[in-house]
>>> print(open('coords-v5.txt').read())   # compact mmCIF, C-alpha atoms
# COMPACT_ATOMS: atom_id res chain seq x y z
CA ASP O 1 229.68 21.31 210.89
CA GLY O 2 232.94 22.83 212.02
CA SER O 3 233.64 20.16 214.62
CA SER O 4 233.38 17.41 212.02
CA LEU O 5 235.58 19.26 209.54
CA VAL O 6 238.39 19.35 212.13
CA TYR O 7 238.79 15.60 211.66
CA ILE O 8 237.99 15.49 207.93
CA LEU O 9 240.10 18.20 206.33
CA ASP O 10 243.78 17.42 205.76
CA SER O 11 243.20 13.71 206.35
CA GLU O 12 242.34 10.60 204.34
CA LEU O 13 238.66 11.39 204.94
CA GLU O 14 238.86 14.35 202.56
CA GLU O 15 238.43 12.10 199.53
CA GLU O 16 235.33 10.47 201.02
CA LEU O 17 233.80 13.88 201.73
CA PHE O 18 234.54 14.97 198.16
CA LEU O 19 232.90 11.87 196.66
CA LEU O 20 229.85 12.30 198.88
CA ALA O 21 229.55 16.03 198.15
CA SER O 22 229.88 15.43 194.39
CA LYS O 23 226.66 13.40 194.49
CA CYS O 24 224.70 16.17 196.22
CA SER O 25 222.95 19.16 194.66
CA VAL O 26 223.69 21.37 197.67
CA VAL O 27 226.05 20.96 200.64
CA LEU O 28 225.59 23.16 203.71
CA CYS O 29 228.38 23.80 206.21
CA CYS O 30 227.46 25.51 209.46
CA ARG O 31 229.59 27.08 212.19
CA VAL O 32 232.88 26.66 210.38
CA ALA O 33 236.10 28.59 210.94
CA PRO O 34 237.53 30.89 208.24
CA LEU O 35 240.28 28.41 207.32
CA GLN O 36 237.71 25.62 207.11
CA LYS O 37 235.72 27.67 204.62
CA ALA O 38 238.84 27.97 202.48
CA GLY O 39 239.47 24.25 202.97
CA ILE O 40 236.05 23.37 201.54
CA VAL O 41 236.75 25.52 198.46
CA ALA O 42 240.18 23.91 198.05
CA LEU O 43 238.55 20.47 198.39
CA ILE O 44 236.65 21.08 195.14
CA LYS O 45 239.21 23.28 193.42
CA ASN O 46 242.09 20.80 193.73
CA ARG O 47 240.10 17.78 192.57
CA THR O 48 238.13 19.14 189.62
CA ASP O 49 238.58 21.51 186.69
CA ASP O 50 235.47 23.46 187.67
CA MET O 51 235.58 27.20 188.28
CA THR O 52 234.93 27.98 191.94
CA LEU O 53 233.09 31.07 193.18
CA ALA O 54 233.12 32.33 196.78
CA ILE O 55 230.80 34.99 198.16
CA GLY O 56 231.28 36.68 201.51
CA ASP O 57 230.43 39.82 203.42
CA GLY O 58 232.83 39.79 206.37
CA ALA O 59 236.44 39.43 207.46
CA ASN O 60 235.91 35.74 208.24
CA ASP O 61 235.21 35.12 204.55
CA VAL O 62 238.49 36.56 203.26
CA SER O 63 240.35 33.23 203.23
CA MET O 64 237.53 31.57 201.31
CA ILE O 65 237.32 34.41 198.78
CA GLN O 66 241.07 34.34 198.15
CA MET O 67 241.08 30.55 197.73
CA ALA O 68 238.33 30.55 195.08
CA ASP O 69 238.95 31.28 191.40
CA VAL O 70 236.47 34.16 191.54
CA GLY O 71 235.64 36.05 194.72
CA VAL O 72 232.63 38.31 195.30
CA GLY O 73 232.51 40.64 198.28
CA ILE O 74 229.31 42.09 199.70
CA SER O 75 229.68 45.61 201.08
CA GLY O 76 227.52 45.90 204.18
CA GLN O 77 227.44 46.04 207.95
CA GLU O 78 230.25 43.50 208.28
CA GLY O 79 232.81 45.98 206.94
CA ARG O 80 234.81 46.09 203.73
CA GLN O 81 237.44 43.40 204.36
CA ALA O 82 235.68 40.96 202.04
CA VAL O 83 235.32 43.64 199.37
CA MET O 84 239.01 44.50 199.48
CA ALA O 85 239.96 40.83 198.97
CA SER O 86 237.45 40.09 196.21
CA ASP O 87 237.44 40.33 192.42
CA PHE O 88 233.96 41.84 192.31
CA SER O 89 232.02 43.79 194.89
CA MET O 90 228.33 44.62 195.22
CA GLY O 91 225.97 46.16 197.72
CA GLN O 92 223.41 43.34 197.99
CA PHE O 93 223.25 39.61 197.38
CA ARG O 94 220.46 40.03 194.82
CA PHE O 95 222.89 41.64 192.39
CA LEU O 96 224.65 38.28 192.10
CA VAL O 97 221.99 37.09 189.63
CA THR O 98 222.81 39.91 187.22
CA LEU O 99 226.55 39.44 187.72
CA LEU O 100 226.41 35.76 186.77
CA LEU O 101 223.59 35.45 184.26
CA VAL O 102 224.09 38.73 182.39
CA HIS O 103 227.63 40.03 182.80
CA GLY O 104 229.07 36.53 183.19
CA HIS O 105 227.51 35.44 179.90
CA TRP O 106 228.54 38.59 178.06
CA ASN O 107 232.08 38.41 179.39
CA TYR O 108 232.47 34.77 178.34
CA GLN O 109 231.23 35.50 174.82
CA ARG O 110 233.56 38.49 174.50
CA MET O 111 236.58 36.61 175.83
CA GLY O 112 235.94 33.63 173.56
CA TYR O 113 235.55 35.91 170.54
CA MET O 114 238.63 37.98 171.34
CA LEU O 115 240.80 34.89 171.87
CA LEU O 116 239.85 33.54 168.44
CA TYR O 117 240.23 37.00 166.91
CA ASN O 118 243.75 37.49 168.28
CA TYR O 119 244.81 34.06 166.99
CA TYR O 120 243.32 35.01 163.64
CA ARG O 121 244.97 38.43 163.52
CA ASN O 122 248.45 37.16 164.36
CA ALA O 123 248.21 34.07 162.16
CA VAL O 124 247.19 36.07 159.08
CA PHE O 125 250.07 38.49 159.61
CA VAL O 126 252.66 35.73 160.10
CA LEU O 127 251.41 33.59 157.20
CA VAL O 128 251.60 36.54 154.79
CA LEU O 129 255.26 36.90 155.77
CA PHE O 130 255.70 33.15 155.31
CA TRP O 131 254.29 33.19 151.77
CA TYR O 132 256.59 36.15 151.03
CA THR O 133 259.71 34.28 152.12
CA LEU O 134 258.93 31.47 149.69
CA PHE O 135 259.35 33.92 146.80
CA THR O 136 262.43 35.68 148.16
CA GLY O 137 264.62 32.65 148.79
CA PHE O 138 264.32 33.02 152.57
CA THR O 139 266.36 36.22 152.49
CA MET O 140 266.15 39.02 155.04
CA THR O 141 263.98 41.13 152.75
CA THR O 142 260.96 42.48 154.64
CA ALA O 143 257.50 42.34 153.11
CA ILE O 144 256.00 44.97 155.40
CA SER O 145 257.56 48.19 156.57
CA ASP O 146 258.02 48.94 160.25
CA TRP O 147 255.33 51.60 160.28
CA SER O 148 252.86 49.32 158.51
CA SER O 149 253.53 46.62 161.06
CA VAL O 150 252.99 49.04 163.95
CA MET O 151 249.78 50.42 162.45
CA TYR O 152 248.49 46.90 161.80
CA SER O 153 249.00 46.00 165.45
CA VAL O 154 247.44 49.20 166.73
CA ILE O 155 244.41 49.26 164.43
CA TYR O 156 243.64 45.56 164.57
CA SER O 157 244.33 45.24 168.31
CA ALA O 158 243.15 48.38 170.07
CA VAL O 159 240.07 49.31 168.05
CA PRO O 160 238.35 45.88 167.93
CA THR O 161 239.04 45.34 171.62
CA ILE O 162 237.36 48.62 172.56
CA VAL O 163 234.40 48.06 170.23
CA VAL O 164 233.80 44.49 171.36
CA ALA O 165 234.15 45.38 175.05
CA ILE O 166 231.51 48.10 174.76
CA LEU O 167 229.08 46.94 172.08
CA ASP O 168 229.27 43.14 171.75
CA LYS O 169 226.13 41.70 173.37
CA ASP O 170 224.87 38.56 171.66
CA LEU O 171 221.68 38.52 173.77
CA SER O 172 219.81 41.22 175.60
CA ARG O 173 219.79 41.63 179.36
CA ARG O 174 216.09 40.78 179.53
CA THR O 175 216.55 37.55 177.55
CA LEU O 176 219.43 36.34 179.72
CA LEU O 177 217.46 36.95 182.91
CA LYS O 178 214.36 35.28 181.49
CA TYR O 179 216.22 32.13 180.37
CA PRO O 180 218.90 31.27 182.97
CA ARG O 181 219.88 28.11 181.05
CA LEU O 182 221.67 30.35 178.55
CA TYR O 183 224.43 30.63 181.16
CA GLN O 184 225.37 27.04 180.32
CA SER O 185 226.93 28.16 177.05
CA GLY O 186 230.08 28.97 179.00
CA GLN O 187 230.03 25.70 180.92
CA GLN O 188 229.62 23.78 177.66
CA GLU O 189 232.45 25.76 175.97
CA GLU O 190 230.30 26.91 173.07
CA GLY O 191 232.22 30.17 172.60
CA TYR O 192 235.74 28.76 172.60
CA ASN O 193 236.76 25.15 172.01
CA PRO O 194 239.30 23.16 169.94
CA ARG O 195 236.89 22.88 167.00
CA LEU O 196 236.45 26.67 166.76
CA PHE O 197 240.21 27.15 167.15
CA TRP O 198 241.08 24.88 164.22
CA LEU O 199 238.30 26.35 162.07
CA THR O 200 239.81 29.78 162.76
CA MET O 201 243.27 28.53 161.81
CA ALA O 202 241.89 27.09 158.56
CA ASP O 203 240.23 30.43 157.89
CA THR O 204 243.51 32.28 158.38
CA LEU O 205 245.26 29.95 155.96
CA TRP O 206 243.16 30.80 152.93
CA GLN O 207 242.72 34.47 153.87
CA SER O 208 246.45 34.99 154.22
CA ALA O 209 246.97 33.21 150.89
CA ALA O 210 244.38 35.48 149.26
CA ALA O 211 245.94 38.59 150.80
CA PHE O 212 249.34 37.64 149.38
CA PHE O 213 248.78 35.80 146.10
CA ILE O 214 246.06 38.03 144.61
CA PRO O 215 248.28 41.16 144.64
CA LEU O 216 251.23 38.98 143.60
CA PHE O 217 249.56 37.74 140.40
CA VAL O 218 247.97 41.12 139.67
CA TYR O 219 251.43 42.74 139.57
CA TRP O 220 253.30 39.64 138.41
CA LYS O 221 254.71 41.01 135.17
CA SER O 222 254.63 44.68 136.06
CA ASP O 223 257.65 46.82 136.90
CA ILE O 224 256.22 47.86 140.28
CA ASP O 225 258.45 46.95 143.20
CA GLY O 226 258.42 47.51 146.94
CA SER O 227 261.08 50.20 147.13
>>> encode(input="coords-v5.txt", output="structure tokens")
Amino acid sequence: DGSSLVYILDSELEEELFLLASKCSVVLCCRVAPLQKAGIVALIKNRTDDMTLAIGDGANDVSMIQMADVGVGISGQEGRQAVMASDFSMGQFRFLVTLLLVHGHWNYQRMGYMLLYNYYRNAVFVLVLFWYTLFTGFTMTTAISDWSSVMYSVIYSAVPTIVVAILDKDLSRRTLLKYPRLYQSGQQEEGYNPRLFWLTMADTLWQSAAAFFIPLFVYWKSDIDGS
């Protein structure tokens, strides 16, 4: 309770509370002050790499919401202070299930895909320029015109981002609600991890080589130039 936390937080007892709480499935804190709520969140946030989520519906929850990595405000009879300080807002607590299990899963999949895609897009572009410099003696000759470079960035950045943000849904809403364990794909880093990153880099290596060397050998002995 709040009286106990007065002596625990900001003292050597914090570590003991953290170790005890880590072994529990659920920890309940009752009659705690707003700063103590934030202190409990900071207790976990500062000692682990886990993502923290705080949910509140009143002004006394603002400190806790701001301390957490993700804050959710409930708009209700308590006012809108929590909503104004949060990352997401909703009208009822029951919407939290959809926010986490459905939109949380979709957002993780999209973010993981777009991170790998942007590494891929930039690496292919840079490696093509690298292969080109090997055949030009590292001169200042450009392989791609300014307008081509701009159009490449626009087309391969803006369009895929819009399409993925709107249409990319690896699983349906009904499936995600029926099988909550699918949410663990984000916790287990299935959508973005070092293995996927290096596989993407290996993919960019041969694709950039194909994009450069195939046209090079096709026009090797021709009189076509880049002017």
>>> residues_around(input="coords-v5.txt", residues="Ser172 of chain O", least_positions_apart="3", cutoff="12 Å", atoms="all atoms listed in the file", output="MDAnalysis selection string")
chainID O and resid 101:103 105:106 167:169 175:179 182
>>> closest_atom_pairs(input="coords-v5.txt", of="segment 36-74 of chain O", to="segment 1-9 of chain O", cutoff="9 Å", atoms="only C-alpha atoms", output="Markdown table")
| residue | atom | partner | partner_atom | distance |
| --- | --- | --- | --- | --- |
| O:Gln36 | CA | O:Leu5 | CA | 7.1 |
| O:Gly39 | CA | O:Leu9 | CA | 6.9 |
| O:Ile40 | CA | O:Leu9 | CA | 8.1 |
| O:Leu43 | CA | O:Leu9 | CA | 8.4 |
>>> write_last_selection(input="coords-v5.txt", atoms="C-alpha atoms", output="mmCIF file, in the coordinates of the input")
data_model
loop_
_atom_site.group_PDB
_atom_site.id
_atom_site.type_symbol
_atom_site.label_atom_id
_atom_site.label_comp_id
_atom_site.auth_asym_id
_atom_site.auth_seq_id
_atom_site.Cartn_x
_atom_site.Cartn_y
_atom_site.Cartn_z
ATOM 1 C CA GLN O 36 237.710 25.620 207.110
ATOM 2 C CA GLY O 39 239.470 24.250 202.970
ATOM 3 C CA ILE O 40 236.050 23.370 201.540
ATOM 4 C CA LEU O 43 238.550 20.470 198.390
#
>>> atom_distance(input="coords-v5.txt", atom1="atom CA of Glu189 of chain O", atom2="atom CA of Val164 of chain O")
19.3 Å
>>> closest_residue(input="coords-v5.txt", among="O:Gly137, O:Pro160, O:Pro215, O:Pro34", to="Met67 of chain O", atoms="all atoms listed in the file")
O:Pro34
>>> closest_residue(input="coords-v5.txt", among="O:Arg181, O:Lys45, O:Arg31, O:Lys37", to="Phe18 of chain O", atoms="all atoms listed in the file")
O:Lys45
>>> atom_distance(input="coords-v5.txt", atom1="atom CA of Leu53 of chain O", atom2="atom CA of Val163 of chain O")
28.6 Å
>>> closest_residue(input="coords-v5.txt", among="O:Val159, O:Ala21, O:Ala38, O:Met90", to="Ile65 of chain O", atoms="all atoms listed in the file")
O:Ala38
>>> closest_residue(input="coords-v5.txt", among="O:Tyr156, O:Gly76, O:Leu20, O:Gln187", to="Val124 of chain O", atoms="only C-alpha atoms")
O:Tyr156
>>> axis_aligned_box(input="coords-v5.txt", around="segment 212-219 of chain O", padding_each_side="6 Å", output="lines of an AutoDock Vina configuration file")
center_x = 248.7
center_y = 39.3
center_z = 144.5
size_x = 17.4
size_y = 18.9
size_z = 21.8
>>> build_atoms(input="coords-v5.txt", residues="segment 116-130 of chain O", atoms="N, CA, C and O atoms", output="mmCIF file, in the frame of the given file")
data_model
loop_
_atom_site.group_PDB
_atom_site.id
_atom_site.type_symbol
_atom_site.label_atom_id
_atom_site.label_comp_id
_atom_site.auth_asym_id
_atom_site.auth_seq_id
_atom_site.Cartn_x
_atom_site.Cartn_y
_atom_site.Cartn_z
ATOM 1 N N LEU O 116 239.813 34.018 169.833
ATOM 2 C CA LEU O 116 239.850 33.540 168.440
ATOM 3 C C LEU O 116 240.296 34.659 167.505
ATOM 4 O O LEU O 116 241.058 34.410 166.561
ATOM 5 N N TYR O 117 239.849 35.877 167.778
ATOM 6 C CA TYR O 117 240.230 37.000 166.910
ATOM 7 C C TYR O 117 241.733 37.267 166.973
ATOM 8 O O TYR O 117 242.367 37.516 165.938
ATOM 9 N N ASN O 118 242.315 37.213 168.167
ATOM 10 C CA ASN O 118 243.750 37.490 168.280
ATOM 11 C C ASN O 118 244.585 36.390 167.638
ATOM 12 O O ASN O 118 245.623 36.658 167.028
ATOM 13 N N TYR O 119 244.145 35.128 167.742
ATOM 14 C CA TYR O 119 244.810 34.060 166.990
ATOM 15 C C TYR O 119 244.719 34.331 165.498
ATOM 16 O O TYR O 119 245.694 34.174 164.751
ATOM 17 N N TYR O 120 243.543 34.723 165.062
ATOM 18 C CA TYR O 120 243.320 35.010 163.640
ATOM 19 C C TYR O 120 244.196 36.163 163.152
ATOM 20 O O TYR O 120 244.871 36.061 162.124
ATOM 21 N N ARG O 121 244.206 37.244 163.924
ATOM 22 C CA ARG O 121 244.970 38.430 163.520
ATOM 23 C C ARG O 121 246.455 38.131 163.398
ATOM 24 O O ARG O 121 247.100 38.504 162.417
ATOM 25 N N ASN O 122 247.013 37.459 164.386
ATOM 26 C CA ASN O 122 248.450 37.160 164.360
ATOM 27 C C ASN O 122 248.796 36.123 163.300
ATOM 28 O O ASN O 122 249.842 36.226 162.645
ATOM 29 N N ALA O 123 247.929 35.116 163.136
ATOM 30 C CA ALA O 123 248.210 34.070 162.160
ATOM 31 C C ALA O 123 248.197 34.615 160.740
ATOM 32 O O ALA O 123 249.046 34.248 159.915
ATOM 33 N N VAL O 124 247.243 35.475 160.416
ATOM 34 C CA VAL O 124 247.190 36.070 159.080
ATOM 35 C C VAL O 124 248.456 36.867 158.810
ATOM 36 O O VAL O 124 249.069 36.765 157.733
ATOM 37 N N PHE O 125 248.875 37.651 159.776
ATOM 38 C CA PHE O 125 250.070 38.490 159.610
ATOM 39 C C PHE O 125 251.317 37.624 159.396
ATOM 40 O O PHE O 125 252.120 37.883 158.497
ATOM 41 N N VAL O 126 251.474 36.584 160.201
ATOM 42 C CA VAL O 126 252.660 35.730 160.100
ATOM 43 C C VAL O 126 252.638 34.916 158.807
ATOM 44 O O VAL O 126 253.682 34.749 158.144
ATOM 45 N N LEU O 127 251.484 34.410 158.415
ATOM 46 C CA LEU O 127 251.410 33.590 157.200
ATOM 47 C C LEU O 127 251.678 34.408 155.947
ATOM 48 O O LEU O 127 252.259 33.897 154.988
ATOM 49 N N VAL O 128 251.259 35.676 155.930
ATOM 50 C CA VAL O 128 251.600 36.540 154.790
ATOM 51 C C VAL O 128 253.110 36.667 154.663
ATOM 52 O O VAL O 128 253.671 36.600 153.553
ATOM 53 N N LEU O 129 253.792 36.842 155.796
ATOM 54 C CA LEU O 129 255.260 36.900 155.770
ATOM 55 C C LEU O 129 255.855 35.563 155.329
ATOM 56 O O LEU O 129 256.883 35.526 154.630
ATOM 57 N N PHE O 130 255.207 34.469 155.714
ATOM 58 C CA PHE O 130 255.700 33.150 155.310
ATOM 59 C C PHE O 130 255.587 32.962 153.801
ATOM 60 O O PHE O 130 256.544 32.492 153.147
#
